[in-house]
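Dropping work21.cif in here (mmCIF, C-alpha atoms and all ligand atoms):
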```
data_coords
#
loop_
_atom_site.group_PDB
_atom_site.id
_atom_site.type_symbol
_atom_site.label_atom_id
_atom_site.label_comp_id
_atom_site.auth_asym_id
_atom_site.auth_seq_id
_atom_site.Cartn_x
_atom_site.Cartn_y
_atom_site.Cartn_z
ATOM 1 C CA MET A 1 -24.215 0.088 -0.591
ATOM 2 C CA ARG A 2 -22.868 0.224 2.957
ATOM 3 C CA THR A 3 -21.015 -2.592 4.619
ATOM 4 C CA VAL A 4 -22.240 -3.084 8.186
ATOM 5 C CA TYR A 5 -21.033 -5.270 11.044
ATOM 6 C CA VAL A 6 -23.316 -7.803 12.766
ATOM 7 C CA ASN A 7 -22.056 -10.296 15.357
ATOM 8 C CA GLY A 8 -18.684 -10.966 13.789
ATOM 9 C CA ASP A 9 -19.614 -10.549 10.118
ATOM 10 C CA TYR A 10 -19.087 -7.688 7.679
ATOM 11 C CA LEU A 11 -22.137 -7.715 5.388
ATOM 12 C CA PRO A 12 -23.915 -5.589 2.798
ATOM 13 C CA GLU A 13 -26.598 -3.651 4.762
ATOM 14 C CA THR A 14 -29.433 -5.488 2.985
ATOM 15 C CA GLU A 15 -28.143 -8.856 4.190
ATOM 16 C CA ALA A 16 -27.787 -7.945 7.867
ATOM 17 C CA LYS A 17 -30.370 -9.648 10.085
ATOM 18 C CA ILE A 18 -31.405 -9.528 13.776
ATOM 19 C CA SER A 19 -33.956 -11.775 15.516
ATOM 20 C CA ILE A 20 -37.483 -10.407 16.064
ATOM 21 C CA PHE A 21 -37.003 -11.643 19.663
ATOM 22 C CA ASP A 22 -33.977 -9.419 20.199
ATOM 23 C CA ARG A 23 -34.392 -7.656 23.572
ATOM 24 C CA ALA A 24 -33.645 -4.268 22.028
ATOM 25 C CA PHE A 25 -36.488 -4.696 19.520
ATOM 26 C CA LEU A 26 -38.981 -5.885 22.171
ATOM 27 C CA MET A 27 -37.876 -3.881 25.245
ATOM 28 C CA ALA A 28 -35.335 -1.225 24.191
ATOM 29 C CA ASP A 29 -32.870 -3.407 26.121
ATOM 30 C CA GLY A 30 -29.783 -2.097 24.403
ATOM 31 C CA VAL A 31 -27.100 0.557 24.657
ATOM 32 C CA TYR A 32 -25.277 2.500 21.985
ATOM 33 C CA GLU A 33 -22.435 4.855 21.182
ATOM 34 C CA VAL A 34 -21.860 7.295 18.336
ATOM 35 C CA THR A 35 -18.277 8.216 17.474
ATOM 36 C CA SER A 36 -17.559 10.910 14.920
ATOM 37 C CA VAL A 37 -15.031 10.533 12.119
ATOM 38 C CA LEU A 38 -13.027 13.476 10.806
ATOM 39 C CA GLY A 39 -10.445 13.033 8.067
ATOM 40 C CA GLY A 40 -10.942 9.264 8.327
ATOM 41 C CA LYS A 41 -10.064 9.214 12.047
ATOM 42 C CA LEU A 42 -12.135 8.496 15.146
ATOM 43 C CA ILE A 43 -12.706 11.378 17.582
ATOM 44 C CA ASP A 44 -12.631 10.709 21.372
ATOM 45 C CA PHE A 45 -12.748 6.935 20.769
ATOM 46 C CA ALA A 46 -11.347 5.966 24.182
ATOM 47 C CA GLY A 47 -14.046 7.988 25.958
ATOM 48 C CA HIS A 48 -16.844 6.300 24.023
ATOM 49 C CA LEU A 49 -15.438 2.846 24.762
ATOM 50 C CA THR A 50 -15.182 3.610 28.488
ATOM 51 C CA ARG A 51 -18.770 4.879 28.595
ATOM 52 C CA LEU A 52 -19.995 1.799 26.679
ATOM 53 C CA GLU A 53 -18.402 -0.429 29.298
ATOM 54 C CA ARG A 54 -20.103 1.581 32.053
ATOM 55 C CA SER A 55 -23.536 1.396 30.341
ATOM 56 C CA LEU A 56 -23.166 -2.394 30.027
ATOM 57 C CA ASP A 57 -22.139 -2.717 33.692
ATOM 58 C CA GLU A 58 -25.027 -0.559 34.933
ATOM 59 C CA LEU A 59 -27.521 -2.797 33.097
ATOM 60 C CA ASP A 60 -25.772 -6.035 34.100
ATOM 61 C CA MET A 61 -25.342 -6.777 30.415
ATOM 62 C CA LYS A 62 -22.568 -9.051 29.180
ATOM 63 C CA LYS A 63 -19.755 -7.563 27.095
ATOM 64 C CA PRO A 64 -19.858 -8.756 23.489
ATOM 65 C CA ALA A 65 -17.082 -11.232 22.682
ATOM 66 C CA ALA A 66 -15.575 -8.708 20.252
ATOM 67 C CA PHE A 67 -15.314 -5.962 22.909
ATOM 68 C CA ASP A 68 -11.519 -5.880 22.804
ATOM 69 C CA ASN A 69 -11.572 -5.587 18.992
ATOM 70 C CA LEU A 70 -13.943 -2.635 18.792
ATOM 71 C CA LEU A 71 -11.293 -0.180 17.639
ATOM 72 C CA ASP A 72 -10.327 -2.492 14.755
ATOM 73 C CA ILE A 73 -13.984 -2.992 13.813
ATOM 74 C CA HIS A 74 -14.590 0.769 13.795
ATOM 75 C CA ARG A 75 -11.510 1.311 11.642
ATOM 76 C CA GLU A 76 -12.418 -1.468 9.224
ATOM 77 C CA LEU A 77 -15.923 -0.029 8.680
ATOM 78 C CA VAL A 78 -14.470 3.457 8.143
ATOM 79 C CA ARG A 79 -12.026 1.966 5.616
ATOM 80 C CA VAL A 80 -14.409 -0.239 3.601
ATOM 81 C CA ASN A 81 -17.108 2.435 3.503
ATOM 82 C CA GLU A 82 -14.546 5.127 2.598
ATOM 83 C CA ILE A 83 -15.719 7.472 5.365
ATOM 84 C CA GLU A 84 -13.797 10.736 5.337
ATOM 85 C CA ASP A 85 -16.197 12.627 7.635
ATOM 86 C CA GLY A 86 -19.154 11.007 9.347
ATOM 87 C CA LEU A 87 -20.217 8.780 12.201
ATOM 88 C CA VAL A 88 -19.856 5.226 13.428
ATOM 89 C CA TYR A 89 -22.963 3.960 15.253
ATOM 90 C CA LEU A 90 -22.495 1.018 17.621
ATOM 91 C CA GLN A 91 -25.235 -0.885 19.453
ATOM 92 C CA VAL A 92 -25.035 -3.715 21.975
ATOM 93 C CA THR A 93 -28.236 -5.463 23.061
ATOM 94 C CA ARG A 94 -28.984 -8.187 25.572
ATOM 95 C CA GLY A 95 -29.623 -10.463 22.596
ATOM 96 C CA SER A 96 -32.352 -13.044 22.237
ATOM 97 C CA ASP A 97 -33.104 -16.427 23.738
ATOM 98 C CA GLY A 98 -35.840 -16.999 21.178
ATOM 99 C CA ASP A 99 -38.864 -15.810 23.159
ATOM 100 C CA ARG A 100 -40.318 -12.770 24.967
ATOM 101 C CA ASP A 101 -40.049 -12.522 28.746
ATOM 102 C CA PHE A 102 -39.532 -9.673 31.237
ATOM 103 C CA VAL A 103 -36.947 -11.814 33.016
ATOM 104 C CA PHE A 104 -33.467 -11.372 31.536
ATOM 105 C CA PRO A 105 -32.311 -14.347 29.474
ATOM 106 C CA ASP A 106 -29.536 -16.504 30.993
ATOM 107 C CA ARG A 107 -26.307 -14.577 30.436
ATOM 108 C CA GLU A 108 -24.279 -17.784 30.235
ATOM 109 C CA THR A 109 -26.200 -19.039 27.191
ATOM 110 C CA THR A 110 -27.460 -15.823 25.538
ATOM 111 C CA GLU A 111 -24.891 -13.774 23.644
ATOM 112 C CA PRO A 112 -25.301 -10.005 23.324
ATOM 113 C CA THR A 113 -26.020 -8.661 19.843
ATOM 114 C CA LEU A 114 -23.362 -6.328 18.440
ATOM 115 C CA VAL A 115 -24.138 -4.109 15.458
ATOM 116 C CA LEU A 116 -22.110 -1.279 13.922
ATOM 117 C CA PHE A 117 -22.739 0.863 10.867
ATOM 118 C CA THR A 118 -21.344 4.062 9.398
ATOM 119 C CA GLN A 119 -23.015 7.283 8.260
ATOM 120 C CA SER A 120 -21.173 9.444 5.763
ATOM 121 C CA LYS A 121 -21.409 13.204 6.503
ATOM 122 C CA PRO A 122 -19.046 15.098 4.226
ATOM 123 C CA GLY A 123 -17.962 18.407 5.777
ATOM 124 C CA LEU A 124 -19.294 17.398 9.224
ATOM 125 C CA ALA A 125 -17.055 19.918 11.019
ATOM 126 C CA GLN A 126 -17.971 22.782 8.636
ATOM 127 C CA SER A 127 -21.685 22.706 9.452
ATOM 128 C CA PRO A 128 -23.549 25.856 8.292
ATOM 129 C CA GLN A 129 -25.671 25.452 11.448
ATOM 130 C CA ALA A 130 -22.630 26.413 13.548
ATOM 131 C CA GLU A 131 -22.655 29.841 11.841
ATOM 132 C CA LYS A 132 -26.385 30.350 12.388
ATOM 133 C CA GLY A 133 -26.778 28.793 15.832
ATOM 134 C CA LEU A 134 -29.727 26.795 17.153
ATOM 135 C CA LYS A 135 -33.210 27.941 18.099
ATOM 136 C CA ILE A 136 -34.345 25.990 21.151
ATOM 137 C CA LEU A 137 -37.812 25.092 22.438
ATOM 138 C CA SER A 138 -38.152 24.185 26.113
ATOM 139 C CA ILE A 139 -40.206 21.067 26.897
ATOM 140 C CA ASP A 140 -40.881 18.957 29.995
ATOM 141 C CA ASP A 141 -38.366 16.195 30.639
ATOM 142 C CA LEU A 142 -40.557 13.082 30.639
ATOM 143 C CA ARG A 143 -37.753 10.494 30.379
ATOM 144 C CA TRP A 144 -36.921 7.758 32.885
ATOM 145 C CA GLY A 145 -34.530 8.355 35.795
ATOM 146 C CA ARG A 146 -31.361 6.656 34.501
ATOM 147 C CA ARG A 147 -30.376 9.066 31.758
ATOM 148 C CA ASP A 148 -26.715 8.432 32.584
ATOM 149 C CA ILE A 149 -27.034 5.060 30.827
ATOM 150 C CA LYS A 150 -26.915 5.455 27.065
ATOM 151 C CA THR A 151 -29.880 3.224 26.181
ATOM 152 C CA VAL A 152 -31.655 3.030 22.827
ATOM 153 C CA GLN A 153 -34.846 4.213 24.566
ATOM 154 C CA LEU A 154 -34.973 7.338 22.390
ATOM 155 C CA LEU A 155 -38.695 7.785 21.756
ATOM 156 C CA TYR A 156 -39.175 10.823 23.993
ATOM 157 C CA PRO A 157 -36.046 12.638 22.750
ATOM 158 C CA SER A 158 -37.249 11.912 19.212
ATOM 159 C CA MET A 159 -40.714 13.317 20.047
ATOM 160 C CA GLY A 160 -39.000 16.345 21.602
ATOM 161 C CA LYS A 161 -37.105 16.981 18.396
ATOM 162 C CA MET A 162 -40.404 16.823 16.473
ATOM 163 C CA MET A 163 -42.073 19.236 18.934
ATOM 164 C CA ALA A 164 -39.164 21.617 18.314
ATOM 165 C CA LYS A 165 -39.448 21.316 14.522
ATOM 166 C CA LYS A 166 -43.207 21.881 14.664
ATOM 167 C CA ALA A 167 -42.600 25.067 16.671
ATOM 168 C CA GLY A 168 -40.095 26.311 14.064
ATOM 169 C CA CYS A 169 -37.099 25.494 16.305
ATOM 170 C CA ASP A 170 -34.036 23.328 15.733
ATOM 171 C CA ASP A 171 -33.958 21.365 18.982
ATOM 172 C CA ALA A 172 -35.450 21.127 22.461
ATOM 173 C CA TRP A 173 -34.017 21.560 25.966
ATOM 174 C CA MET A 174 -35.733 19.444 28.587
ATOM 175 C CA ILE A 175 -36.883 20.910 31.887
ATOM 176 C CA GLU A 176 -37.309 19.205 35.255
ATOM 177 C CA ASP A 177 -38.393 21.176 38.341
ATOM 178 C CA GLY A 178 -37.762 24.397 36.430
ATOM 179 C CA HIS A 179 -34.162 23.432 35.647
ATOM 180 C CA VAL A 180 -32.668 22.415 32.322
ATOM 181 C CA THR A 181 -31.455 18.810 32.255
ATOM 182 C CA GLU A 182 -30.057 18.570 28.706
ATOM 183 C CA GLY A 183 -30.926 18.731 25.011
ATOM 184 C CA THR A 184 -32.660 15.879 23.160
ATOM 185 C CA SER A 185 -29.278 14.515 22.068
ATOM 186 C CA ASN A 186 -26.710 16.868 23.601
ATOM 187 C CA ASN A 187 -25.563 18.514 26.823
ATOM 188 C CA ALA A 188 -26.709 22.098 27.485
ATOM 189 C CA TYR A 189 -24.689 25.158 28.597
ATOM 190 C CA ILE A 190 -25.219 28.856 29.168
ATOM 191 C CA VAL A 191 -22.685 31.646 29.461
ATOM 192 C CA LYS A 192 -23.262 34.573 31.813
ATOM 193 C CA GLY A 193 -20.587 37.209 32.348
ATOM 194 C CA ASN A 194 -17.769 34.943 31.077
ATOM 195 C CA LYS A 195 -18.901 32.065 33.309
ATOM 196 C CA ILE A 196 -19.778 28.791 31.596
ATOM 197 C CA ILE A 197 -22.629 27.089 33.457
ATOM 198 C CA THR A 198 -23.701 23.476 32.872
ATOM 199 C CA ARG A 199 -25.546 20.910 34.951
ATOM 200 C CA GLN A 200 -23.327 18.668 37.106
ATOM 201 C CA LEU A 201 -23.088 14.932 36.369
ATOM 202 C CA SER A 202 -25.704 12.682 38.011
ATOM 203 C CA ASN A 203 -28.298 10.097 36.917
ATOM 204 C CA ASP A 204 -30.298 13.007 35.451
ATOM 205 C CA ILE A 205 -28.147 13.488 32.356
ATOM 206 C CA LEU A 206 -25.922 11.592 29.977
ATOM 207 C CA HIS A 207 -22.254 11.966 30.854
ATOM 208 C CA GLY A 208 -21.283 13.437 27.504
ATOM 209 C CA ILE A 209 -17.884 12.498 26.132
ATOM 210 C CA THR A 210 -17.758 15.819 24.309
ATOM 211 C CA ARG A 211 -18.822 17.569 27.545
ATOM 212 C CA ALA A 212 -15.852 16.085 29.428
ATOM 213 C CA ALA A 213 -13.396 17.180 26.733
ATOM 214 C CA VAL A 214 -14.878 20.660 26.282
ATOM 215 C CA LEU A 215 -14.883 21.388 30.035
ATOM 216 C CA ARG A 216 -11.272 20.222 30.261
ATOM 217 C CA PHE A 217 -10.236 22.497 27.371
ATOM 218 C CA ALA A 218 -12.234 25.409 28.838
ATOM 219 C CA ARG A 219 -10.435 25.055 32.181
ATOM 220 C CA GLU A 220 -7.062 24.715 30.467
ATOM 221 C CA ALA A 221 -7.830 27.986 28.649
ATOM 222 C CA GLN A 222 -8.499 29.627 32.077
ATOM 223 C CA MET A 223 -12.222 29.924 31.405
ATOM 224 C CA ASP A 224 -14.514 29.950 34.419
ATOM 225 C CA VAL A 225 -16.717 26.807 34.631
ATOM 226 C CA GLU A 226 -19.550 26.257 37.099
ATOM 227 C CA GLU A 227 -21.242 22.836 37.221
ATOM 228 C CA ARG A 228 -24.724 23.327 38.677
ATOM 229 C CA PRO A 229 -28.359 23.213 37.554
ATOM 230 C CA PHE A 230 -29.631 26.369 35.846
ATOM 231 C CA THR A 231 -33.243 27.413 35.329
ATOM 232 C CA ILE A 232 -34.867 27.985 31.970
ATOM 233 C CA ASP A 233 -35.435 31.646 32.992
ATOM 234 C CA GLU A 234 -31.733 31.998 33.737
ATOM 235 C CA ALA A 235 -31.003 30.503 30.316
ATOM 236 C CA LYS A 236 -33.273 32.983 28.531
ATOM 237 C CA ALA A 237 -31.425 35.844 30.265
ATOM 238 C CA ALA A 238 -27.950 34.432 29.467
ATOM 239 C CA ASP A 239 -25.370 36.141 27.248
ATOM 240 C CA GLU A 240 -25.026 33.026 25.123
ATOM 241 C CA GLY A 241 -25.718 29.323 25.061
ATOM 242 C CA PHE A 242 -24.428 26.203 23.377
ATOM 243 C CA VAL A 243 -24.752 22.420 23.257
ATOM 244 C CA THR A 244 -22.158 19.665 22.884
ATOM 245 C CA SER A 245 -22.349 16.185 21.358
ATOM 246 C CA ALA A 246 -20.140 13.801 19.436
ATOM 247 C CA SER A 247 -21.871 14.601 16.155
ATOM 248 C CA ALA A 248 -22.404 18.376 16.589
ATOM 249 C CA PHE A 249 -19.171 19.101 18.566
ATOM 250 C CA VAL A 250 -19.865 22.546 20.078
ATOM 251 C CA MET A 251 -22.993 24.154 18.592
ATOM 252 C CA PRO A 252 -24.089 27.689 19.539
ATOM 253 C CA VAL A 253 -27.628 28.369 20.801
ATOM 254 C CA VAL A 254 -29.034 31.756 19.762
ATOM 255 C CA GLU A 255 -32.667 31.629 20.871
ATOM 256 C CA ILE A 256 -34.788 29.941 23.575
ATOM 257 C CA ASP A 257 -38.604 29.968 23.340
ATOM 258 C CA GLY A 258 -38.401 32.936 20.959
ATOM 259 C CA GLN A 259 -36.120 34.915 23.288
ATOM 260 C CA ALA A 260 -32.798 35.920 21.669
ATOM 261 C CA LEU A 261 -29.630 35.284 23.724
ATOM 262 C CA GLY A 262 -27.317 38.308 23.617
ATOM 263 C CA ASP A 263 -27.544 39.808 20.121
ATOM 264 C CA GLY A 264 -29.086 36.616 18.726
ATOM 265 C CA THR A 265 -25.942 35.418 16.950
ATOM 266 C CA PRO A 266 -23.417 32.718 17.994
ATOM 267 C CA GLY A 267 -21.453 34.029 20.972
ATOM 268 C CA PRO A 268 -17.664 34.321 21.356
ATOM 269 C CA VAL A 269 -17.326 31.611 24.036
ATOM 270 C CA ALA A 270 -19.204 29.015 21.966
ATOM 271 C CA ARG A 271 -17.215 29.936 18.843
ATOM 272 C CA ARG A 272 -13.896 29.712 20.663
ATOM 273 C CA LEU A 273 -14.745 26.390 22.347
ATOM 274 C CA ARG A 274 -15.818 24.923 19.009
ATOM 275 C CA GLU A 275 -12.465 25.867 17.508
ATOM 276 C CA ILE A 276 -10.474 24.561 20.463
ATOM 277 C CA TYR A 277 -12.461 21.312 20.605
ATOM 278 C CA LEU A 278 -12.022 20.603 16.879
ATOM 279 C CA ASP A 279 -8.288 21.446 16.976
ATOM 280 C CA GLU A 280 -7.505 19.477 20.123
ATOM 281 C CA SER A 281 -9.663 16.420 19.453
ATOM 282 C CA LEU A 282 -8.135 16.018 15.980
ATOM 283 C CA LYS A 283 -4.715 15.767 17.646
ATOM 284 C CA THR A 284 -5.810 12.673 19.596
ATOM 285 C CA ALA A 285 -7.986 11.164 16.828
ATOM 286 C CA VAL A 286 -7.280 7.523 16.025
HETATM 287 N N1 LIG B 301 -27.182 13.981 26.207
HETATM 288 C C1 LIG B 301 -27.953 13.158 25.486
HETATM 289 C C2 LIG B 301 -29.358 12.886 25.944
HETATM 290 C C3 LIG B 301 -27.460 12.566 24.306
HETATM 291 O O1 LIG B 301 -28.230 11.731 23.591
HETATM 292 C C4 LIG B 301 -26.142 12.887 23.878
HETATM 293 C C5 LIG B 301 -25.576 12.326 22.603
HETATM 294 N N2 LIG B 301 -25.587 10.960 22.555
HETATM 295 C C6 LIG B 301 -25.374 13.751 24.661
HETATM 296 C C7 LIG B 301 -25.929 14.282 25.818
HETATM 297 C C8 LIG B 301 -23.959 14.112 24.283
HETATM 298 O O2 LIG B 301 -23.067 13.066 24.537
HETATM 299 P P1 LIG B 301 -21.735 12.883 23.698
HETATM 300 O O3 LIG B 301 -20.974 14.168 23.811
HETATM 301 O O4 LIG B 301 -21.045 11.768 24.346
HETATM 302 O O5 LIG B 301 -22.155 12.614 22.290
#
```

Would you mind giving the structure from this file in structure tokens?
Amino acid sequence: MRTVYVNGDYLPETEAKISIFDRAFLMADGVYEVTSVLGGKLIDFAGHLTRLERSLDELDMKKPAAFDNLLDIHRELVRVNEIEDGLVYLQVTRGSDGDRDFVFPDRETTEPTLVLFTQSKPGLAQSPQAEKGLKILSIDDLRWGRRDIKTVQLLYPSMGKMMAKKAGCDDAWMIEDGHVTEGTSNNAYIVKGNKIITRQLSNDILHGITRAAVLRFAREAQMDVEERPFTIDEAKAADEGFVTSASAFVMPVVEIDGQALGDGTPGPVARRLREIYLDESLKTAV
């Protein structure tokens, strides 16, 4: 049985409890981070911590008391749960003042809720999916307008993933005004004539930690990067595509709405970036 962390305590998962009045349960008033673990070490941890702080600030949510100990808590959970490869999920919510109200509870008297748990994923970096590539379905982007904040409001992305599965695809790319915003749980890229194209940062997309690292490595390797919106038609006519996220790293896209990209197999740019990302991020893993 897993050991999880709840508000200062390490507990067996069956003994962990949260109030039914918790703001995340009633109003999705919570933010989260997912950090991957490879060889028992945390990948891009500093980036995830910085983004967590930003999400909390943007929602005027108090930092949990244990904020400065988050690295130790992550490491302790990885250790006690014997995670070699996998994920650490972290969630902070606005907590509970013992009732339901649209007005935020008093931040002086209501402590945020802090929960962390691990997921074991042996061989996470050797995913067979990376050899096959993803088939993508395009869907409307019906999410709210602050997608830069990593909230637990994941119902539409979850529905999008189900729409994709039902259509025989692996994942969905979301479209707004004809342009791709991002994947259900990843940032989206196309490659055309050796140019890597991905939407620029704004409130429209999550500022992916993996995105930041991959674009830095791409530029260091003298690859051409253009940050701008691209249309779904442009994507279908691209040479290749890929997505990035903390749990999938760099994952090739081989098909969009039944249209094969290039020869329909993972492209050279996606393959190379996956290799570089895994090599480089392991060097700075903690
Ligand atoms: N966009 C969305 C909507 C996501 O949910 C995620 C993963 N949490 C990402 C992008 C990728 O972000 P990261 O690389 O930080 O995992």

(request) Starting from the displayed file, determine the output of the PyMOL selection byres (((chain A and resi 11-13) around 12) and not hetatm) and express the residue list as a ChimeraX atom specification. (result) /A:1-10,14-18,77,80-81,115-118

(request) Select the residues contacting ligand LIG 301 (chain B) at a distance of at most 6 Å, based on all atoms listed in the file, then format the selection as an MDAnalysis selection string. (result) chainID A and resid 182 184:187 206 208:211 244:246

(message) I need the output of the PyMOL selection byres (((chain A and resi 90) around 7) and not hetatm) for this file as a list in words; which residues are they?
(response)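 That selection, the PyMOL selection byres (((chain A and resi 90) around 7) and not hetatm), comes back as Tyr32, Glu33, Val34, Val88, Tyr89, Gln91, Val92, Val115, Leu116 and Phe117 of chain A.
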
Can you build me a table of range 69-183 of chain A residues sitting at most 12 Å from range 57-60 of chain A, with the closest atom pair per residue and its distance in Å to one decimal, using only C-alpha atoms, sorted by chain and residue number, as JSON lines?
```
{"residue": "A:Val92", "atom": "CA", "partner": "A:Leu59", "partner_atom": "CA", "distance": 11.4}
{"residue": "A:Thr93", "atom": "CA", "partner": "A:Leu59", "partner_atom": "CA", "distance": 10.4}
{"residue": "A:Arg94", "atom": "CA", "partner": "A:Asp60", "partner_atom": "CA", "distance": 9.4}
{"residue": "A:Phe104", "atom": "CA", "partner": "A:Asp60", "partner_atom": "CA", "distance": 9.7}
{"residue": "A:Pro105", "atom": "CA", "partner": "A:Asp60", "partner_atom": "CA", "distance": 11.5}
{"residue": "A:Asp106", "atom": "CA", "partner": "A:Asp60", "partner_atom": "CA", "distance": 11.6}
{"residue": "A:Arg107", "atom": "CA", "partner": "A:Asp60", "partner_atom": "CA", "distance": 9.3}
{"residue": "A:Pro112", "atom": "CA", "partner": "A:Asp60", "partner_atom": "CA", "distance": 11.5}
{"residue": "A:Arg146", "atom": "CA", "partner": "A:Glu58", "partner_atom": "CA", "distance": 9.6}
{"residue": "A:Arg147", "atom": "CA", "partner": "A:Glu58", "partner_atom": "CA", "distance": 11.5}
{"residue": "A:Asp148", "atom": "CA", "partner": "A:Glu58", "partner_atom": "CA", "distance": 9.4}
{"residue": "A:Ile149", "atom": "CA", "partner": "A:Glu58", "partner_atom": "CA", "distance": 7.2}
{"residue": "A:Lys150", "atom": "CA", "partner": "A:Glu58", "partner_atom": "CA", "distance": 10.1}
{"residue": "A:Thr151", "atom": "CA", "partner": "A:Leu59", "partner_atom": "CA", "distance": 9.5}
```

Written file, previous selection with C-alpha atoms, as a CSV table (one decimal), keeping the file's coordinate frame:
```csv
chain,number,residue,atom,x,y,z
A,92,VAL,CA,-25.0,-3.7,22.0
A,93,THR,CA,-28.2,-5.5,23.1
A,94,ARG,CA,-29.0,-8.2,25.6
A,104,PHE,CA,-33.5,-11.4,31.5
A,105,PRO,CA,-32.3,-14.3,29.5
A,106,ASP,CA,-29.5,-16.5,31.0
A,107,ARG,CA,-26.3,-14.6,30.4
A,112,PRO,CA,-25.3,-10.0,23.3
A,146,ARG,CA,-31.4,6.7,34.5
A,147,ARG,CA,-30.4,9.1,31.8
A,148,ASP,CA,-26.7,8.4,32.6
A,149,ILE,CA,-27.0,5.1,30.8
A,150,LYS,CA,-26.9,5.5,27.1
A,151,THR,CA,-29.9,3.2,26.2
```

(request) Find, counting only C-alpha atoms, the residue in A:Leu124, A:Met251, A:Val180, A:Val214 that gets nearest to Phe230 in chain A. (result)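 The closest residue to Phe230 in chain A is A:Val180.
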
(request) To one decimal in Å, tell me the separation between CA of Leu38 in chain A and CA of Lys121 in chain A. (result)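 Straight-line distance from CA of Leu38 in chain A to CA of Lys121 in chain A works out to 9.4 Å.
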
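Of the residues listed (A:Tyr189, A:Trp173, A:Phe102, A:Phe242), A:Phe102 shows the shortest atom-to-atom separation from Ala28 in chain A; distances use all atoms listed in the file.
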
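The interatomic distance for the pair CA of Gly267 in chain A and CA of Ala221 in chain A works out to 16.8 Å.
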
(message) Which residues are near range 269-280 of chain A? Cut-off 10 Å, all atoms listed in the file, ignore same chain within fewer than 5 positions. Put them as number ranges by chain.
(response) A: 38, 43, 125, 130-131, 133, 189-191, 194-196, 210, 213-218, 221, 223, 239-244, 248-253, 285

(request) Figure out the distance between CA of Lys62 in chain A and CA of Thr35 in chain A, please, to one decimal in Å. (result) 21.3 Å

(request) Could you tell me which residues the PyMOL selection byres (((chain A and resi 95-98) around 6) and not hetatm) returns for this structure, as a list in words? (result)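 This file, filtered by the PyMOL selection byres (((chain A and resi 95-98) around 6) and not hetatm), leaves Phe21, Asp22, Arg23, Thr93, Arg94, Asp99, Thr110, Glu111, Pro112 and Thr113 of chain A.
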
(request) Using all atoms listed in the file, pick whichever of A:Val31, A:Ala235, A:Ile256, A:Met174 has the shortest atom-to-atom distance to Lys192 in chain A. (result) A:Ala235

(request) Check the smallest atom-to-atom distance from each of A:Ser158, A:Ser120, A:Gln222, A:Asn69 to Asp85 in chain A using only C-alpha atoms, then report the winner. (result)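 Once distances to Asp85 in chain A are computed over only C-alpha atoms, the minimum belongs to A:Ser120.
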
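In this comparison, which uses all atoms listed in the file, the residue of A:Ile73, A:Ile205, A:Leu49, A:Leu56 approaching Trp144 in chain A most closely is A:Ile205.
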
(message) Using only C-alpha atoms, can you tell me which of A:Arg79, A:Arg228, A:Lys161, A:Arg219 comes closest to Ile139 in chain A?
(response)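 Answer, going by the shortest atom-to-atom distance: A:Lys161.
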
(request) Counting all atoms listed in the file, note down every residue that has an atom within 8 Å of the point (-30.9, 31.1, 18.1) (file coordinates), as a PyMOL selection string. (result) chain A and resi 132-136+252-256+260-261+264-266

(message) Env of Val286 in chain A: 9 Å cut, atoms = only C-alpha atoms, seq-sep filter 2 positions within chain, self excluded. Answer as a VMD selection string.
(response) chain A and resid 40 to 45 71 75 282 to 284

Once 3 Å is added on each side, what are the centre and the three edge lengths, in Å to one decimal, of the axis-aligned box enclosing the listed atoms of range 116-123 of chain A? Present them as AutoDock Vina command-line options.
```
--center_x -20.5 --center_y 8.6 --center_z 9.1 --size_x 11.1 --size_y 25.7 --size_z 15.7
```
